[in-house]
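Novice: Can you read through this structure? Questions will come right after.
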Amino acid sequence: MLSVIEREETRPGGAVIVLRAEGRLDSEGVDPFKAAVQNILLRDQFRIVVDMAEVRYLNSAALRVLAEGVTRCRANGGDLRIAEPAAKVRQIFEISGFDRFLSIFDGVEAALASFE
């Protein structure tokens, strides 16, 4: 089961949405994650940090959600950045080549600071 928690952080350049996912981004967990990302984008908020410290697995559908999110954010002058992925999740990013496409940070604070 996946849990998704959203909060807003105020930074000098404006608001950044932190989306904390906990659990597995698999066939069961990807739908609530996709809905959360789409909800943020529908509010015209294009500066997003996805905190993946508690994500234990992600599948190709989750990668697609991230790719669509980062593409839409960048097209609107923002970005979707990844914070603190577990070793297994980082490995999935590396094998899939997503580490060359996504901005990945060791922690949420570093990801937030990168927007300043």
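Following the order of the structure tokens, chains are lettered A, B, ..., residues in each are numbered from 1, and ligands are numbered from 1.
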Per DSSP on the backbone, what are the strand (DSSP E) residues of chain A, as an mmCIF file with C-alpha atoms, in the first residue's frame?
Specialist:
data_model
loop_
_atom_site.group_PDB
_atom_site.id
_atom_site.type_symbol
_atom_site.label_atom_id
_atom_site.label_comp_id
_atom_site.auth_asym_id
_atom_site.auth_seq_id
_atom_site.Cartn_x
_atom_site.Cartn_y
_atom_site.Cartn_z
ATOM 1 C CA SER A 3 0.831 6.602 1.179
ATOM 2 C CA VAL A 4 1.274 10.056 -0.376
ATOM 3 C CA ILE A 5 1.592 13.206 1.738
ATOM 4 C CA GLU A 6 1.839 16.704 0.282
ATOM 5 C CA ARG A 7 3.130 19.880 1.885
ATOM 6 C CA GLU A 8 4.136 23.310 0.626
ATOM 7 C CA GLU A 9 7.483 24.932 1.397
ATOM 8 C CA THR A 10 8.061 28.654 0.883
ATOM 9 C CA ARG A 11 11.385 29.510 -0.735
ATOM 10 C CA GLY A 14 8.338 30.908 -4.577
ATOM 11 C CA ALA A 15 6.466 27.876 -3.340
ATOM 12 C CA VAL A 16 7.806 24.353 -3.758
ATOM 13 C CA ILE A 17 5.524 21.360 -3.260
ATOM 14 C CA VAL A 18 7.061 18.409 -1.414
ATOM 15 C CA LEU A 19 5.347 15.125 -2.206
ATOM 16 C CA ARG A 20 6.361 12.362 0.191
ATOM 17 C CA ALA A 21 5.632 8.858 -1.024
ATOM 18 C CA GLU A 22 5.842 5.864 1.315
ATOM 19 C CA GLY A 23 5.584 2.241 0.204
ATOM 20 C CA ARG A 24 5.708 0.660 -3.236
ATOM 21 C CA LEU A 25 5.075 2.489 -6.493
ATOM 22 C CA ARG A 47 8.163 23.273 -8.643
ATOM 23 C CA ILE A 48 7.962 19.824 -7.070
ATOM 24 C CA VAL A 49 10.238 17.702 -4.892
ATOM 25 C CA VAL A 50 9.319 14.026 -4.628
ATOM 26 C CA ASP A 51 10.660 12.660 -1.330
ATOM 27 C CA MET A 52 11.357 8.984 -2.028
ATOM 28 C CA ALA A 53 13.138 8.090 1.219
ATOM 29 C CA GLU A 54 10.414 5.569 2.086
ATOM 30 C CA VAL A 55 9.733 4.234 -1.421
ATOM 31 C CA ARG A 56 10.947 0.643 -1.619
ATOM 32 C CA TYR A 57 10.153 -0.141 -5.254
ATOM 33 C CA LEU A 58 8.893 1.537 -8.412
ATOM 34 C CA ASP A 79 11.127 21.178 -12.382
ATOM 35 C CA LEU A 80 10.280 17.949 -10.615
ATOM 36 C CA ARG A 81 13.218 16.801 -8.501
ATOM 37 C CA ILE A 82 13.813 13.560 -6.617
ATOM 38 C CA ALA A 83 15.019 13.520 -3.013
ATOM 39 C CA SER A 103 17.628 15.806 -10.878
ATOM 40 C CA ILE A 104 18.317 13.523 -7.895
ATOM 41 C CA PHE A 105 19.404 14.835 -4.494
#
Novice: Using only C-alpha atoms, which of the listed residues (A:Asn59, A:Asp31, A:Ile40, A:Pro12) sits closest to Lys88 in chain A?
Specialist: A:Asn59
Novice: Could you state the separation of CA of Asp44 in chain A and CA of Leu66 in chain A in Å, given to one decimal place?
Specialist: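 For CA of Asp44 in chain A relative to CA of Leu66 in chain A, the distance reads 16.5 Å.
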Novice: Expressed in Å to a single decimal, how great is the separation between CA of Ser114 in chain A and CA of Arg100 in chain A?
Specialist: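 Distance reported for this atom pair: 16.8 Å.
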Novice: Show which residues sit within 9 Å of Phe98 in chain A, as an NGL selection string. Count only C-alpha atoms, and ignore same-chain residues fewer than 4 positions away.
Specialist: :A and (63 or 67 or 92-94 or 102)
Novice: Just to confirm, what's the straight-line distance from CA of Arg90 in chain A to CA of Ala113 in chain A in Å (one decimal)?
Specialist: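 Here the two named atoms are 20.5 Å from each other.
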Novice: Could you tell me which of A:Gly77, A:Leu2, A:Pro85, A:Gly13 comes closest to Leu112 in chain A if we count only C-alpha atoms?
Specialist: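 For Leu112 in chain A, the nearest of the candidates is A:Gly13.
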Novice: Identify, with DSSP run on backbone atoms, the residues in chain A assigned to helix (DSSP H, G or I), and express the list as a PyMOL selection string.
Specialist: chain A and resi 30-42+60-75+87-96+98-100+108-113
